[in-house]
Every structure is written in structure tokens, then in C-alpha cells.
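Undergrad: This is model.txt, which holds compact mmCIF, C-alpha atoms:
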```txt
# COMPACT_ATOMS: atom_id res chain seq x y z
CA MET A 1 98.64 81.61 68.92
CA LEU A 2 97.72 80.26 72.34
CA TRP A 3 101.40 80.52 73.42
CA VAL A 4 101.51 84.21 72.40
CA MET A 5 98.33 85.03 74.36
CA THR A 6 99.51 83.41 77.59
CA ALA A 7 103.22 84.18 77.47
CA GLY A 8 102.79 87.88 76.74
CA PRO A 9 101.08 88.78 80.03
CA VAL A 10 103.44 86.51 81.99
CA TRP A 11 106.46 88.19 80.46
CA ALA A 12 104.97 91.62 81.22
CA GLN A 13 104.31 90.60 84.83
CA GLU A 14 107.88 89.35 85.22
CA LEU A 15 109.27 92.60 83.82
CA ASP A 16 107.03 94.69 86.06
CA PHE A 17 108.07 92.69 89.14
CA ARG A 18 111.76 92.97 88.36
CA GLN A 19 111.58 96.72 87.70
CA ARG A 20 109.60 97.40 90.89
CA TYR A 21 111.80 95.17 93.02
CA GLU A 22 115.12 96.58 91.80
CA ARG A 23 113.84 100.15 92.03
CA GLY A 24 112.66 99.52 95.58
CA LYS A 25 116.09 98.23 96.63
CA LEU A 26 117.79 101.21 94.97
CA LEU A 27 115.53 103.67 96.79
CA LEU A 28 116.22 101.82 100.03
CA GLN A 29 119.97 102.26 99.51
CA ARG A 30 119.37 105.97 99.00
CA LYS A 31 117.41 106.10 102.27
CA MET A 32 114.22 107.12 100.47
CA TYR A 33 112.19 104.80 102.65
CA ALA A 34 108.63 105.89 101.84
CA ASP A 35 109.35 105.67 98.10
CA ALA A 36 111.00 102.28 98.55
CA ILE A 37 107.94 101.00 100.39
CA ASN A 38 105.70 102.19 97.56
CA GLU A 39 107.73 100.31 94.91
CA LEU A 40 108.14 97.14 96.96
CA LYS A 41 104.43 96.98 97.75
CA LYS A 42 103.66 97.22 94.04
CA ALA A 43 106.18 94.42 93.41
CA SER A 44 104.32 92.29 95.99
CA TYR A 45 101.11 92.59 93.95
CA THR A 46 102.65 90.78 90.96
CA THR A 47 102.46 87.00 90.49
CA GLN A 48 106.13 86.45 91.23
CA GLY A 49 106.38 89.08 93.97
CA ARG A 50 103.47 87.66 95.91
CA SER A 51 105.62 84.83 97.26
CA PHE A 52 109.10 86.35 96.91
CA PHE A 53 111.07 86.47 100.17
CA GLY A 54 113.18 89.51 99.23
CA VAL A 55 110.15 91.74 98.65
CA TYR A 56 108.87 91.34 102.21
CA TYR A 57 112.30 91.36 103.81
CA TYR A 58 113.22 94.67 102.20
CA LEU A 59 109.76 96.02 102.99
CA ALA A 60 110.44 95.21 106.66
CA TYR A 61 113.83 96.91 106.40
CA ALA A 62 112.29 100.06 104.87
CA TYR A 63 109.52 100.19 107.48
CA TYR A 64 112.09 99.78 110.25
CA TRP A 65 114.03 102.82 109.09
CA LEU A 66 110.93 104.90 108.24
CA PRO A 67 110.32 104.09 111.19
CA ASP A 68 107.09 102.08 111.59
CA ILE A 69 107.83 99.13 113.84
CA ARG A 70 104.37 97.57 113.64
CA GLN A 71 104.46 97.46 109.84
CA ALA A 72 108.04 96.18 109.93
CA ASN A 73 106.92 93.23 112.05
CA LEU A 74 104.00 92.49 109.75
CA ALA A 75 106.33 92.45 106.74
CA LEU A 76 108.72 90.12 108.60
CA GLN A 77 105.84 87.73 109.28
CA SER A 78 105.15 87.60 105.54
CA ALA A 79 108.84 87.14 104.75
CA LYS A 80 109.00 84.23 107.21
CA ARG A 81 106.42 82.29 105.16
CA TYR A 82 108.68 82.39 102.11
CA ALA A 83 112.07 81.90 103.79
CA SER A 84 113.29 78.81 101.92
CA ARG A 85 117.03 79.16 102.55
CA ALA A 86 119.28 79.24 105.60
CA THR A 87 120.48 82.70 104.58
CA HIS A 88 116.86 83.89 104.60
CA ARG A 89 116.28 82.59 108.08
CA GLU A 90 119.50 84.12 109.35
CA ALA A 91 118.58 87.52 107.90
CA LEU A 92 115.15 87.32 109.57
CA LYS A 93 116.70 86.41 112.91
CA LYS A 94 118.99 89.44 112.81
CA MET A 95 116.11 91.79 111.96
CA TYR A 96 113.88 90.37 114.69
CA ASN A 97 116.71 90.71 117.23
CA ARG A 98 117.34 94.31 116.18
CA ILE A 99 113.70 95.23 116.78
CA GLN A 100 113.41 93.28 120.04
CA ARG A 101 116.57 94.90 121.40
CA LEU A 102 115.04 98.39 121.07
CA TYR A 103 111.24 98.02 121.21
CA SER A 104 108.44 96.26 123.10
CA LYS A 105 104.69 95.99 122.78
CA VAL A 106 102.24 98.05 124.83
CA THR A 107 98.51 97.38 125.12
CA ILE A 108 95.65 99.32 126.74
CA VAL A 109 92.91 97.10 128.14
CA PRO A 110 89.63 98.94 128.88
CA GLU A 111 87.69 98.24 132.08
CA VAL A 112 85.17 100.82 130.90
CA ASP A 113 83.20 101.09 127.66
CA PRO A 114 85.82 102.09 125.03
CA ASP A 115 83.09 103.81 122.97
CA GLU A 116 82.53 106.18 125.89
CA VAL A 117 86.21 107.02 126.02
CA GLY A 118 87.01 107.55 122.35
CA ARG A 119 90.67 108.01 121.46
CA LEU A 120 93.18 108.57 124.25
CA ARG A 121 95.74 111.32 123.72
CA LEU A 122 98.88 110.16 125.50
CA LYS A 123 102.37 111.47 126.04
CA LEU A 124 105.40 109.38 126.94
CA LYS A 125 108.35 111.31 128.35
CA PRO A 126 111.60 109.37 128.86
CA LYS A 127 113.23 109.88 132.24
CA ILE A 128 116.64 109.59 130.61
CA ALA A 129 117.29 110.74 127.05
CA PHE A 130 117.82 107.91 124.60
CA GLY A 131 121.30 107.33 123.24
CA SER A 132 119.85 105.61 120.17
CA GLN A 133 118.91 108.06 117.41
CA HIS A 134 116.51 105.48 116.02
CA LYS A 135 114.59 105.37 119.31
CA GLN A 136 114.64 109.18 119.55
CA ARG A 137 113.17 109.59 116.08
CA TYR A 138 110.58 106.87 116.55
CA LEU A 139 109.41 108.30 119.89
CA ARG A 140 109.02 111.79 118.38
CA ILE A 141 106.80 110.34 115.65
CA LEU A 142 104.90 108.15 118.12
CA ASN A 143 104.21 111.02 120.55
CA LYS A 144 103.05 113.21 117.69
CA ARG A 145 100.59 110.53 116.59
CA LEU A 146 99.43 109.78 120.13
CA LYS A 147 98.70 113.46 120.76
CA ALA A 148 97.13 114.23 117.38
CA ASN A 149 95.20 111.02 116.70
CA GLY A 150 95.31 109.20 120.00
CA VAL A 151 94.98 105.47 120.45
CA VAL A 152 91.82 103.40 120.78
CA PRO A 153 91.87 101.44 124.07
CA ASN A 154 91.03 98.10 122.46
CA ASN A 155 93.95 95.88 123.57
CA ARG A 156 95.59 96.19 120.15
CA PRO A 157 99.38 96.32 120.66
CA PHE A 158 101.60 99.16 119.55
CA TYR A 159 105.36 99.45 119.85
CA VAL A 160 107.26 101.72 122.25
CA PRO A 161 111.04 102.12 122.68
CA LYS A 162 112.33 100.32 125.75
CA GLY A 163 113.05 102.64 128.67
CA ASP A 164 111.62 104.37 131.75
CA TYR A 165 108.85 106.93 131.16
CA GLU A 166 106.57 109.47 132.74
CA VAL A 167 103.08 108.89 131.36
CA VAL A 168 100.31 111.50 131.10
CA ILE A 169 97.04 111.86 129.24
CA ALA A 170 98.02 114.74 126.97
CA GLU A 171 96.59 118.25 127.21
CA PRO A 172 93.92 119.42 126.72
CA GLN A 173 92.17 116.08 127.19
CA CYS A 174 90.65 115.74 130.65
CA LEU A 175 88.63 112.59 131.30
CA ARG A 176 86.84 110.69 134.02
CA TYR A 177 89.21 107.81 133.40
CA THR A 178 92.78 107.01 134.28
CA LEU A 179 95.53 104.63 133.18
CA ALA A 180 96.73 102.03 135.65
CA VAL A 181 99.44 99.39 135.79
CA GLY A 182 99.08 96.62 138.33
CA GLY A 183 95.98 98.28 139.80
CA GLN A 184 97.79 101.57 140.55
CA LYS A 185 97.46 104.86 138.66
CA ALA A 186 100.29 104.96 136.14
CA THR A 187 102.33 108.14 136.25
CA GLU A 188 105.57 106.26 135.57
CA VAL A 189 106.24 103.02 133.71
CA SER A 190 109.19 100.89 132.65
CA ILE A 191 108.99 99.38 129.16
CA GLY A 192 111.17 96.29 129.06
CA ASP A 193 111.01 92.80 127.58
CA GLY A 194 107.57 91.34 127.00
CA THR A 195 104.29 93.22 126.66
CA THR A 196 103.46 96.11 129.01
CA GLN A 197 99.73 96.25 129.78
CA PHE A 198 97.91 99.41 130.83
CA THR A 199 94.39 99.24 132.19
CA LEU A 200 91.94 102.06 131.50
CA LYS A 201 89.62 102.41 134.49
CA ALA A 202 87.32 104.90 136.18
CA GLY A 203 89.27 107.75 137.75
CA GLN A 204 90.43 111.25 136.93
CA SER A 205 93.08 112.17 134.38
CA CYS A 206 93.56 115.82 135.37
CA THR A 207 93.89 117.72 138.65
CA CYS A 208 92.38 121.10 139.53
CA THR A 209 94.86 123.38 141.32
CA GLY A 210 94.80 126.65 143.27
CA GLY A 211 91.26 126.31 144.59
CA GLN A 212 89.70 125.62 141.20
CA LYS A 213 86.69 123.33 141.06
CA GLN A 214 86.01 120.64 138.55
CA TYR A 215 83.06 121.00 136.21
CA GLY A 216 81.96 118.73 133.44
CA GLN A 217 79.41 117.13 131.19
CA GLY A 218 79.51 113.35 130.91
CA ARG A 219 83.12 112.25 130.51
CA LYS A 220 84.32 115.76 129.55
CA MET A 221 85.71 117.91 132.35
CA TYR A 222 87.46 121.22 132.95
CA CYS A 223 88.71 123.25 135.92
CA ALA A 224 87.66 126.81 136.76
CA CYS A 225 87.48 129.16 139.75
CA PRO A 226 84.20 128.99 141.71
CA PRO A 227 81.57 131.72 141.11
CA GLY A 228 82.53 135.06 142.69
CA THR A 229 86.25 134.39 142.50
CA GLY A 230 88.91 134.80 139.85
CA TRP A 231 92.38 133.57 139.12
CA ASN A 232 95.32 135.43 140.60
CA LYS A 233 98.03 135.00 137.98
CA ASP A 234 100.88 135.92 140.34
CA LYS A 235 99.78 133.67 143.19
CA GLN A 236 98.46 130.90 140.92
CA ARG A 237 95.20 130.51 142.84
CA CYS A 238 91.54 131.55 142.94
CA GLU A 239 90.76 134.67 145.03
CA VAL A 240 87.78 136.92 145.83
CA GLY A 241 88.06 140.35 144.23
CA VAL A 242 90.01 139.17 141.21
CA ASN A 243 88.41 139.53 137.78
CA PRO A 244 86.64 136.20 137.22
CA VAL A 245 88.87 135.00 134.42
CA PRO A 246 88.35 131.28 133.76
CA TRP A 247 91.38 129.05 133.49
CA ILE A 248 91.40 125.50 132.27
CA ALA A 249 93.67 122.98 133.94
CA ALA A 250 94.59 119.87 132.01
CA GLY A 251 97.02 117.18 133.02
CA VAL A 252 99.67 118.78 135.19
CA GLY A 253 99.72 122.16 133.45
CA ILE A 254 97.39 125.14 133.08
CA LEU A 255 96.13 126.59 129.82
CA VAL A 256 95.59 130.36 130.10
CA ALA A 257 92.53 132.13 128.77
CA GLY A 258 92.72 135.67 127.40
CA ALA A 259 92.05 138.26 130.10
CA ALA A 260 88.97 139.59 128.32
CA ALA A 261 87.15 136.26 128.24
CA VAL A 262 84.94 135.58 131.24
CA VAL A 263 82.50 132.87 130.15
CA ILE A 264 83.66 129.32 129.59
CA GLY A 265 81.75 126.86 127.48
CA LEU A 266 82.14 123.21 126.63
CA VAL A 267 81.73 122.61 122.92
CA VAL A 268 81.47 118.98 121.86
CA ALA A 269 82.71 119.04 118.28
CA GLN A 270 84.38 115.61 118.37
CA ASN A 271 83.52 112.42 120.16
CA ASP A 272 86.87 112.14 121.87
CA GLY A 273 86.81 114.50 124.86
CA THR A 274 89.27 117.07 123.53
CA ASP A 275 87.33 120.11 122.34
CA PHE A 276 87.35 122.70 125.16
CA ARG A 277 86.65 126.28 124.11
CA LEU A 278 86.12 129.70 125.60
CA ILE A 279 82.99 130.72 123.75
CA GLN A 280 82.09 134.25 124.86
CA ASN A 281 84.00 137.52 124.86
CA PRO A 282 82.10 140.29 126.68
CA ASN A 283 84.15 143.04 125.07
CA GLY A 284 83.15 142.03 121.57
CA SER A 285 85.73 142.58 118.86
CA GLY A 286 87.86 144.70 121.20
CA GLY A 287 89.16 141.71 123.15
CA LYS A 288 90.58 138.34 122.39
CA THR A 289 89.27 134.90 123.21
CA LYS A 290 91.75 132.05 123.10
CA ILE A 291 90.48 128.75 121.74
CA TRP A 292 91.85 125.26 122.30
CA GLN A 293 90.85 122.39 120.04
```
Now that the file is in, can you turn its structure into C-alpha cells?
TA:
Amino acid sequence: MLWVMTAGPVWAQELDFRQRYERGKLLLQRKMYADAINELKKASYTTQGRSFFGVYYYLAYAYYWLPDIRQANLALQSAKRYASRATHREALKKMYNRIQRLYSKVTIVPEVDPDEVGRLRLKLKPKIAFGSQHKQRYLRILNKRLKANGVVPNNRPFYVPKGDYEVVIAEPQCLRYTLAVGGQKATEVSIGDGTTQFTLKAGQSCTCTGGQKQYGQGRKMYCACPPGTGWNKDKQRCEVGVNPVPWIAAGVGILVAGAAAVVIGLVVAQNDGTDFRLIQNPNGSGGKTKIWQ
């Protein structure tokens, strides 16, 4: 009776592991990477899968093609602990080399209080288009995440495709801080071997153009024409006698307010310096007020 009670669960665990593991590999072959990750992670929760080299190796492979380079590296670190054969070690070496050939780590070290900064919205623009489709796809996903969710400047590394970039704090974020490399404001950077370190320091991330003045509250800033002047759309500058339409400048571009809106307000809806809104429309429902979040 004791044998039946103990062997039953063990047999069930073995079956569950085998089904999850084989299904994960099959999904990986079909390039269904997210589904493969789901099955392989479940396999890793079983008694046998917890220390099974293949589970973590194929997890790394699936994350690489998803792509999520940070998770791929974490899975490889787990696989390395259970690499008991020469073939295991050779497979790991090839995967590590593949990642290191295309990607490097980037960190952002704050010289200011990171809690005051919140999440940085960044954009990395390659100077020369990538020939690697893997790097192209990864950078599209990375830029989307950096703009939507930002990155916390806490020295935690993230992976970037190797190459030469233009670097900007993404619109509409406009802060009293700037990124620097080697003590100089970073507008361009080369990502090569080793870790590239940005420093976040006091400065200015956006520039007011055409005679606009900078206004702000705390670390949140915006650009607008001085009182008594308005923006001349054709000449791209502030002038007396032009309807005082506020414009917001962020980064190197200009975000245009609707012509009917004449009062600009700063609405702090998030603690990350990104919520700039035009909050009053003098013509009521007859005009339009454009809002940026």
C-alpha cells in the first residue's frame, strides 16, 4: 500500500514533465515562442524538470527568438548549472556567442534621486539600418517598451543591439535631467562590446525654439510663447500680433495645439513627468483641444 501511495504521484509528475517538455519543444519548432515558453516553464516546476538541462536551454532558445534577451540570459544561467555533458556545454557556448555577437548591456546610473525622476522614456535611433532582422525586430520591441513604460534609472542592465545610435528622451517627456556618457550630454552613442554606462544628471532634456520660453513645475517642464505673443506657424517662431496659441516643444520636435486652445495647463496624473495637457478651450464645444498623455 505504501508503494502505491508514493509511486502514483511520482509517476504522475514524470508524465506531466514529459508532456510539457515535449509539447514545449514542438511549439518551439513551430515558432510559437510564447506558447513554448509557457509549456517549458510549467515543465520546470515539476520534480524532474527543476534540474533538467534541456528545459532551461530550450527556454533560453525560445526567449531569444521571442525576442527577450534578458530572459534568455537568465535561462542560460540556469541551464549552465545543470550542464553535465560536453554536448551541453558546447550548446551553451554557441548560444552565448550568438547573443554576445548581436547584443550588449546598457545601464543608467543616477546622479540624482531616481524617485524624483520616475521612469525615463527613451528612444534609440540607429544611424545605419540593421542588416540583421533579429536586431531590427528586437529594437522595435525595445523602443516601444522604452517609450510606453520607460526604464527606471537604477543601474539595472538591459540589452541593446550593437550599433551606433542617436539617443533622445522621447516626446512628450521634458525633464530637468539629461543623459550623459563620459561626462558629456549623450546625443549619440556607440553600443559595442562590454557594458555601456549612461549617467543621469542635472540638465535639460528638451530645447525651446523660436523664441519660446521654458515654464515648469518641479521637474516637469514645457515650452510656450511669452505673454502677449503667439506662434507663427509659417515662420516657426513667436511673434507679437499673432493669436496666442500655445505650443509645446519636447525633445527636438514640436507638438501642435489646436488653434482654438489658448490656455495651457500642467496636469500631473502620473509620477513620471509625461502628462502635459491643454486644459481650457475658450470656444467651448465649438473648438477642439488636443491632449497629449
Undergrad: Could you state the separation of CA of Leu146 in chain A and CA of Tyr63 in chain A in Å, given to one decimal place?
TA: 18.8 Å
Undergrad: Could you tell me which of A:Lys105, A:Lys31, A:Lys93, A:Lys213 comes closest to Asn155 in chain A if we count all atoms listed in the file?
TA: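 Result for the nearest residue to Asn155 in chain A: A:Lys105.
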Undergrad: Can you tell me how far CA of Arg140 in chain A sits from CA of Lys94 in chain A, in Å to one decimal?
TA: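 Taking CA of Arg140 in chain A and CA of Lys94 in chain A, their separation equals 25.1 Å.
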Undergrad: Let me make sure I understand: among A:Pro67, A:Gly163, A:Gly194, A:Gly210, which one has the smallest atom-to-atom distance to Leu124 in chain A if we use all atoms listed in the file?
TA: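 Smallest distance to Leu124 in chain A is found for A:Gly163.
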Undergrad: Record the distance separating CA of Val112 in chain A and CA of Ala148 in chain A, expressed in Å with one decimal.
TA: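 Between CA of Val112 in chain A and CA of Ala148 in chain A the gap is 22.5 Å.
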Undergrad: What's around Gln212 in chain A at 6 Å? Count only C-alpha atoms, leave out sequence neighbours fewer than 2 positions away in its own chain, and write the answer as a list in words.
TA: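 After dropping sequence-adjacent residues, the list is Cys208, Thr209, Gly210, Cys223, Ala224 and Cys225 of chain A.
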Undergrad: Hey, which of A:Gly182, A:Phe53, A:Tyr58, A:Leu66 ends up closest to Arg81 in chain A? Count all atoms listed in the file.
TA: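 Result for the nearest residue to Arg81 in chain A: A:Phe53.
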Undergrad: Between A:Leu179, A:Val109, A:Ala62, A:Val189, which one has atoms that come closest to Asp164 in chain A, using all atoms listed in the file?
TA: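 Ranking A:Leu179, A:Val109, A:Ala62, A:Val189 by distance to Asp164 in chain A, first place goes to A:Val189.
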Undergrad: Pick the closest to Gln133 in chain A from A:Leu102, A:Ala91, A:Met32, A:Ala180: which is it, counting all atoms listed in the file?
TA: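 Of A:Leu102, A:Ala91, A:Met32, A:Ala180, the one nearest Gln133 in chain A, counting all atoms listed in the file, is A:Leu102.
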Undergrad: Using only C-alpha atoms, which residues sit within 12 Å of Gly211 in chain A once same-chain residues fewer than 6 positions away are excluded, as a list in words?
TA: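 Once the nearby chain positions are removed, what remains is Cys223, Ala224, Cys225, Pro226, Pro227, Thr229, Gly230, Trp231, Asn232, Lys235, Gln236, Arg237, Cys238, Glu239, Val240, Trp247 and Ala249 of chain A.
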Undergrad: Only C-alpha atoms, please: the residues just picked out, written as a CSV table (one decimal), keeping the file's coordinate frame.
TA:
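The resulting selection-v5.csv:
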```csv
chain,number,residue,atom,x,y,z
A,223,CYS,CA,88.7,123.2,135.9
A,224,ALA,CA,87.7,126.8,136.8
A,225,CYS,CA,87.5,129.2,139.8
A,226,PRO,CA,84.2,129.0,141.7
A,227,PRO,CA,81.6,131.7,141.1
A,229,THR,CA,86.2,134.4,142.5
A,230,GLY,CA,88.9,134.8,139.8
A,231,TRP,CA,92.4,133.6,139.1
A,232,ASN,CA,95.3,135.4,140.6
A,235,LYS,CA,99.8,133.7,143.2
A,236,GLN,CA,98.5,130.9,140.9
A,237,ARG,CA,95.2,130.5,142.8
A,238,CYS,CA,91.5,131.6,142.9
A,239,GLU,CA,90.8,134.7,145.0
A,240,VAL,CA,87.8,136.9,145.8
A,247,TRP,CA,91.4,129.0,133.5
A,249,ALA,CA,93.7,123.0,133.9
```
Undergrad: Which of these, A:Thr199, A:Thr46, A:Gln100, A:Ser84, has the shortest distance to Tyr64 in chain A once you count only C-alpha atoms?
TA: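 Looking at the shortest contact to Tyr64 in chain A, the residue is A:Gln100.
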Undergrad: Counting all atoms listed in the file, what is within 8 Å of Gln197 in chain A, bar same-chain residues fewer than 4 positions away, as a compact mmCIF listing (two decimals) with C-alpha atoms, keeping the file's coordinate frame?
TA:
```txt
# COMPACT_ATOMS: atom_id res chain seq x y z
CA VAL A 106 102.24 98.05 124.83
CA THR A 107 98.51 97.38 125.12
CA ILE A 108 95.65 99.32 126.74
CA VAL A 109 92.91 97.10 128.14
CA VAL A 181 99.44 99.39 135.79
```
Undergrad: Do you know which residues are at most 10 Å from Pro126 in chain A counting all atoms listed in the file, after dropping those on the same chain fewer than 4 positions away, and could you put them as number ranges by chain?
TA: A: 130, 136, 139, 161-167, 188-190
Undergrad: Any idea what's packed within 10 Å of Gln77 in chain A, counting only C-alpha atoms, ignoring anything in its chain fewer than 4 positions away? Could you give it as a VMD selection string?
TA: chain A and resid 56 to 57 60 71 to 73 81 to 82 92
Undergrad: To test the calculation: enclose all listed atoms of range 154-167 of chain A in a box whose edges run along x, y and z, add 3 Å on each side, then state centre and edge lengths in Å to one decimal, as JSON.
TA:
```
{"center_x": 102.0, "center_y": 102.7, "center_z": 126.1, "size_x": 28.0, "size_y": 19.6, "size_z": 19.2}
```
